[in-house]
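Here is the structure we will look at.
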Amino acid sequence: MFHSTSNYLFAVMLDISLDLFRSGKIEAIEDQFLRASVHQLDRLFMNLIRVLTISETADNIDFEYYMKLAYVSNGELKKSAIQPDDPFRPIYEHSENLLETLNYLKEFSNPEGSATLPKDLMVKLVLFSKETFLMNLNTSLCKQYRLKSINDPHKRIQVKLVTKYQINKIYMKYLHVQQEIFEVCLNISQKKLPEFIGELATYDRLITSYNEFCSDEKLKKINQISLTLNKNENGIPHERRDRIEIDDKSNGIANESTSVFPDGLKSEAQTLEQFLPDKTTLYDSRNFMLSERFSQDSRSHLNNKSSNSIGLYGNVSLFIFILLLLGSL
């Protein structure tokens with residue numbers, strides 16, 4: 001496991017959650033809720049990385065740049081001018097908002113003198129961050145994805161349609177698991193909060209929009225006009241002949257993202273521990289970072305240029321929401 005001095009985003013978030021619990025600001029169930037949410041976000045990030053490492057364009061992708069998106073400097077994510085058509089933009093902006101929320105809670109001083117945070121403050125802020133993420137994701141699922149090139153800092157690599165299917169599938173399965181965490185962890189009164197009602201409505205709209213416009217079948221029909229008619233003896237387009245094995249691996253990665261929630265098991269039968277990692281799987285991303293693909297030679301390609309970037313529903317909205325929320329307490 002990462003130590004508290006680690007600058008890896010998801011380890012930093014876990015440390016803050018533990019600090020909030022030890023200081024008495026949140027209860028044990030709230031700490032577990034945060035840890036489960038952070039772990040699933042970590043899995044989402046690493047599953048996106050992994051599916052791209054076996055994609056057709058893997059050799060041209062600047063993986064070092066994307067791994068650095070998950071590193072913290074002075075308590076904040078390192079700023080990156082990540083492009084609107086980048087599949088990592090929604091998770092980057094969501095992580096930025098969630099880290100800012102946790103830092104705010106860590107420094108929060110209850111005006112009533114109590115060590116505990118005002119009732120449901122943490123839950124409300126996490127729900128707002130999640131709804132913001134859903135809004136951002138809803139605008140990107142149907143777009144063509146492009147990634148940063150390792151060879152040319154000004155070049156964008158267009159993601160193949162089959163890879164886009166897998167990226168979207170990973171995102172959608174993550175959303176399903178995170179929603180189940182809300183169902184398991186939040187009590188009846190918290191599920192009546194305007195923030196939860198708003199988040200749930202936004203989630204339902206995203207699912208409806210995805211199924212109607214962005215699902216695999218919809219995109220396949222749109223893409224049919226561009227498929228070559230030149231097929232091999234097995235009826236497979238030549239341009240896809242060598243991709244079948246890799247596609248199967250991609251499916252395995254996408255399916256792995258929801259292994260904590262077996263199909264057909266009702267949410268009321270879940271326990272919070274099912275959404276938490278065991279000691280052998282927590283932060284396996286550190287080992288992945290040290291793997292052959294991220295050798296010292298690979299890390300030499302790091303692009304250090306970065307700039308401030310605030311998304312459509314970014315930090316300004318979060319700051320305004322905090323002010324309004326505190327005014328209502």
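By order of appearance in the structure tokens: chains A, B, ..., then residues from 1 within every chain, and ligands from 1 in the order shown.
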
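All residues of protein, DNA or RNA that reach within 9 Å of stretch 193-208 of chain A, judged by only C-alpha atoms and not counting those fewer than 5 positions away in the chain, are Val123, Lys124, Leu125, Leu127, Phe128, Lys130, Glu131, Thr132, Leu134, Met135, Leu137, Asn138, Met172, Leu175, Gln179, Phe182 and Phe213 of chain A.
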
Could the residues in this selection be written to a file with C-alpha atoms, as an mmCIF file, in the first residue's frame?
data_model
loop_
_atom_site.group_PDB
_atom_site.id
_atom_site.type_symbol
_atom_site.label_atom_id
_atom_site.label_comp_id
_atom_site.auth_asym_id
_atom_site.auth_seq_id
_atom_site.Cartn_x
_atom_site.Cartn_y
_atom_site.Cartn_z
ATOM 1 C CA VAL A 123 -22.598 13.462 1.700
ATOM 2 C CA LYS A 124 -24.041 16.572 0.048
ATOM 3 C CA LEU A 125 -20.662 17.648 -1.317
ATOM 4 C CA LEU A 127 -23.240 13.944 -4.315
ATOM 5 C CA PHE A 128 -22.749 17.354 -5.922
ATOM 6 C CA LYS A 130 -20.843 13.101 -8.619
ATOM 7 C CA GLU A 131 -23.673 14.976 -10.358
ATOM 8 C CA THR A 132 -21.125 17.332 -11.897
ATOM 9 C CA LEU A 134 -22.366 12.857 -14.711
ATOM 10 C CA MET A 135 -23.056 16.135 -16.508
ATOM 11 C CA LEU A 137 -19.648 12.566 -18.951
ATOM 12 C CA ASN A 138 -23.026 12.925 -20.639
ATOM 13 C CA MET A 172 -21.023 2.821 -17.641
ATOM 14 C CA LEU A 175 -21.445 4.401 -12.808
ATOM 15 C CA GLN A 179 -24.762 4.117 -7.736
ATOM 16 C CA PHE A 182 -24.965 5.202 -2.748
ATOM 17 C CA PHE A 213 -27.791 7.718 -28.830
#

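Note that the spacing between atom CA of A:Asn103 and atom CA of A:Leu186 amounts to 21.8 Å.
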
Point to revise | Backbone-only DSSP, helix (DSSP H, G or I) members of stretch 7-147 of chain A, as a PyMOL selection string | key: chain A and resi 9-22+28-53+58-60+63-68+89-107+121-138

Just C-alpha atoms for this one: save the residues we selected as a PDB file, in the first residue's frame.
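As written to disk, again-v4.pdb reads:
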ATOM      1  CA  LEU A   9      -4.143  10.835  -6.066  1.00  0.00           C
ATOM      2  CA  PHE A  10      -6.220   7.972  -4.741  1.00  0.00           C
ATOM      3  CA  ALA A  11      -3.812   7.239  -1.882  1.00  0.00           C
ATOM      4  CA  VAL A  12      -3.962  10.929  -0.925  1.00  0.00           C
ATOM      5  CA  MET A  13      -7.764  10.780  -0.891  1.00  0.00           C
ATOM      6  CA  LEU A  14      -7.690   7.727   1.382  1.00  0.00           C
ATOM      7  CA  ASP A  15      -5.312   9.496   3.747  1.00  0.00           C
ATOM      8  CA  ILE A  16      -7.634  12.505   3.955  1.00  0.00           C
ATOM      9  CA  SER A  17     -10.620  10.255   4.643  1.00  0.00           C
ATOM     10  CA  LEU A  18      -8.679   8.552   7.440  1.00  0.00           C
ATOM     11  CA  ASP A  19      -7.702  11.957   8.878  1.00  0.00           C
ATOM     12  CA  LEU A  20     -11.354  13.039   8.843  1.00  0.00           C
ATOM     13  CA  PHE A  21     -12.330   9.878  10.711  1.00  0.00           C
ATOM     14  CA  ARG A  22      -9.523  10.063  13.278  1.00  0.00           C
ATOM     15  CA  ALA A  28     -16.894   5.074  10.554  1.00  0.00           C
ATOM     16  CA  ILE A  29     -19.648   4.402   8.004  1.00  0.00           C
ATOM     17  CA  GLU A  30     -18.821   7.696   6.269  1.00  0.00           C
ATOM     18  CA  ASP A  31     -15.139   6.779   6.159  1.00  0.00           C
ATOM     19  CA  GLN A  32     -16.015   3.424   4.594  1.00  0.00           C
ATOM     20  CA  PHE A  33     -18.311   5.180   2.128  1.00  0.00           C
ATOM     21  CA  LEU A  34     -15.494   7.483   1.037  1.00  0.00           C
ATOM     22  CA  ARG A  35     -12.986   4.628   0.816  1.00  0.00           C
ATOM     23  CA  ALA A  36     -15.328   2.535  -1.320  1.00  0.00           C
ATOM     24  CA  SER A  37     -15.946   5.484  -3.650  1.00  0.00           C
ATOM     25  CA  VAL A  38     -12.233   6.286  -3.962  1.00  0.00           C
ATOM     26  CA  HIS A  39     -11.347   2.654  -4.652  1.00  0.00           C
ATOM     27  CA  GLN A  40     -13.898   2.419  -7.460  1.00  0.00           C
ATOM     28  CA  LEU A  41     -12.568   5.662  -8.944  1.00  0.00           C
ATOM     29  CA  ASP A  42      -9.052   4.210  -8.840  1.00  0.00           C
ATOM     30  CA  ARG A  43     -10.289   1.078 -10.621  1.00  0.00           C
ATOM     31  CA  LEU A  44     -11.996   3.207 -13.263  1.00  0.00           C
ATOM     32  CA  PHE A  45      -8.787   5.130 -13.931  1.00  0.00           C
ATOM     33  CA  MET A  46      -6.607   2.031 -14.179  1.00  0.00           C
ATOM     34  CA  ASN A  47      -9.113   0.126 -16.330  1.00  0.00           C
ATOM     35  CA  LEU A  48      -9.074   3.024 -18.793  1.00  0.00           C
ATOM     36  CA  ILE A  49      -5.275   2.901 -18.847  1.00  0.00           C
ATOM     37  CA  ARG A  50      -5.200  -0.867 -19.295  1.00  0.00           C
ATOM     38  CA  VAL A  51      -7.706  -0.999 -22.144  1.00  0.00           C
ATOM     39  CA  LEU A  52      -5.626   1.565 -24.032  1.00  0.00           C
ATOM     40  CA  THR A  53      -2.376  -0.371 -23.522  1.00  0.00           C
ATOM     41  CA  ALA A  58      -1.043   1.913 -27.919  1.00  0.00           C
ATOM     42  CA  ASP A  59       2.486   2.533 -29.222  1.00  0.00           C
ATOM     43  CA  ASN A  60       1.612   6.131 -30.085  1.00  0.00           C
ATOM     44  CA  PHE A  63       0.859   6.972 -21.276  1.00  0.00           C
ATOM     45  CA  GLU A  64       3.249   8.851 -19.024  1.00  0.00           C
ATOM     46  CA  TYR A  65       1.153  11.982 -19.500  1.00  0.00           C
ATOM     47  CA  TYR A  66      -2.008  10.123 -18.500  1.00  0.00           C
ATOM     48  CA  MET A  67      -0.449   8.485 -15.441  1.00  0.00           C
ATOM     49  CA  LYS A  68       0.722  11.895 -14.290  1.00  0.00           C
ATOM     50  CA  ARG A  89     -11.224  14.507 -19.098  1.00  0.00           C
ATOM     51  CA  PRO A  90     -14.412  13.500 -17.193  1.00  0.00           C
ATOM     52  CA  ILE A  91     -12.530  11.442 -14.590  1.00  0.00           C
ATOM     53  CA  TYR A  92      -9.798  14.089 -14.294  1.00  0.00           C
ATOM     54  CA  GLU A  93     -12.289  16.871 -13.562  1.00  0.00           C
ATOM     55  CA  HIS A  94     -14.277  14.640 -11.200  1.00  0.00           C
ATOM     56  CA  SER A  95     -11.122  13.694  -9.293  1.00  0.00           C
ATOM     57  CA  GLU A  96     -10.107  17.345  -9.101  1.00  0.00           C
ATOM     58  CA  ASN A  97     -13.484  18.303  -7.628  1.00  0.00           C
ATOM     59  CA  LEU A  98     -13.519  15.388  -5.191  1.00  0.00           C
ATOM     60  CA  LEU A  99      -9.994  16.147  -3.959  1.00  0.00           C
ATOM     61  CA  GLU A 100     -10.947  19.795  -3.477  1.00  0.00           C
ATOM     62  CA  THR A 101     -14.018  18.687  -1.518  1.00  0.00           C
ATOM     63  CA  LEU A 102     -11.961  16.448   0.782  1.00  0.00           C
ATOM     64  CA  ASN A 103      -9.368  19.181   1.347  1.00  0.00           C
ATOM     65  CA  TYR A 104     -12.171  21.595   2.210  1.00  0.00           C
ATOM     66  CA  LEU A 105     -13.667  19.155   4.722  1.00  0.00           C
ATOM     67  CA  LYS A 106     -10.247  18.569   6.260  1.00  0.00           C
ATOM     68  CA  GLU A 107      -9.807  22.292   6.926  1.00  0.00           C
ATOM     69  CA  LEU A 121     -22.302  18.065   4.722  1.00  0.00           C
ATOM     70  CA  MET A 122     -19.853  15.459   3.422  1.00  0.00           C
ATOM     71  CA  VAL A 123     -22.598  13.462   1.700  1.00  0.00           C
ATOM     72  CA  LYS A 124     -24.041  16.572   0.048  1.00  0.00           C
ATOM     73  CA  LEU A 125     -20.662  17.648  -1.317  1.00  0.00           C
ATOM     74  CA  VAL A 126     -19.832  14.169  -2.628  1.00  0.00           C
ATOM     75  CA  LEU A 127     -23.240  13.944  -4.315  1.00  0.00           C
ATOM     76  CA  PHE A 128     -22.749  17.354  -5.922  1.00  0.00           C
ATOM     77  CA  SER A 129     -19.328  16.297  -7.202  1.00  0.00           C
ATOM     78  CA  LYS A 130     -20.843  13.101  -8.619  1.00  0.00           C
ATOM     79  CA  GLU A 131     -23.673  14.976 -10.358  1.00  0.00           C
ATOM     80  CA  THR A 132     -21.125  17.332 -11.897  1.00  0.00           C
ATOM     81  CA  PHE A 133     -19.198  14.311 -13.170  1.00  0.00           C
ATOM     82  CA  LEU A 134     -22.366  12.857 -14.711  1.00  0.00           C
ATOM     83  CA  MET A 135     -23.056  16.135 -16.508  1.00  0.00           C
ATOM     84  CA  ASN A 136     -19.561  16.226 -17.967  1.00  0.00           C
ATOM     85  CA  LEU A 137     -19.648  12.566 -18.951  1.00  0.00           C
ATOM     86  CA  ASN A 138     -23.026  12.925 -20.639  1.00  0.00           C
TER      87      ASN A 138
END

Study note, to complete from the structure: atom CA of A:Asn168 sits from atom CA of A:Glu180 at a separation of 18.6 Å

**Study point:** Shell around stretch 70-74 of chain A at 7 Å using only C-alpha atoms, local window under 4 positions removed, as a VMD selection string
**Key:** chain A and resid 7 to 9 78

Write the residues of the preceding selection, restricted to N, CA and C atoms, as a compact mmCIF listing (two decimals), in the first residue's frame.
# COMPACT_ATOMS: atom_id res chain seq x y z
N ASN A 7 2.25 10.78 -3.37
CA ASN A 7 1.54 11.82 -4.10
C ASN A 7 0.59 11.23 -5.12
N TYR A 8 0.30 9.95 -5.00
CA TYR A 8 -0.66 9.31 -5.89
C TYR A 8 -2.06 9.70 -5.44
N LEU A 9 -2.86 10.21 -6.36
CA LEU A 9 -4.14 10.83 -6.07
C LEU A 9 -5.02 10.01 -5.14
N LYS A 78 -2.03 18.06 -10.30
CA LYS A 78 -1.22 18.86 -11.21
C LYS A 78 -2.08 19.29 -12.38

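The interatomic distance for the pair atom CA of A:Leu161 and atom CA of A:Leu141 works out to 12.2 Å.
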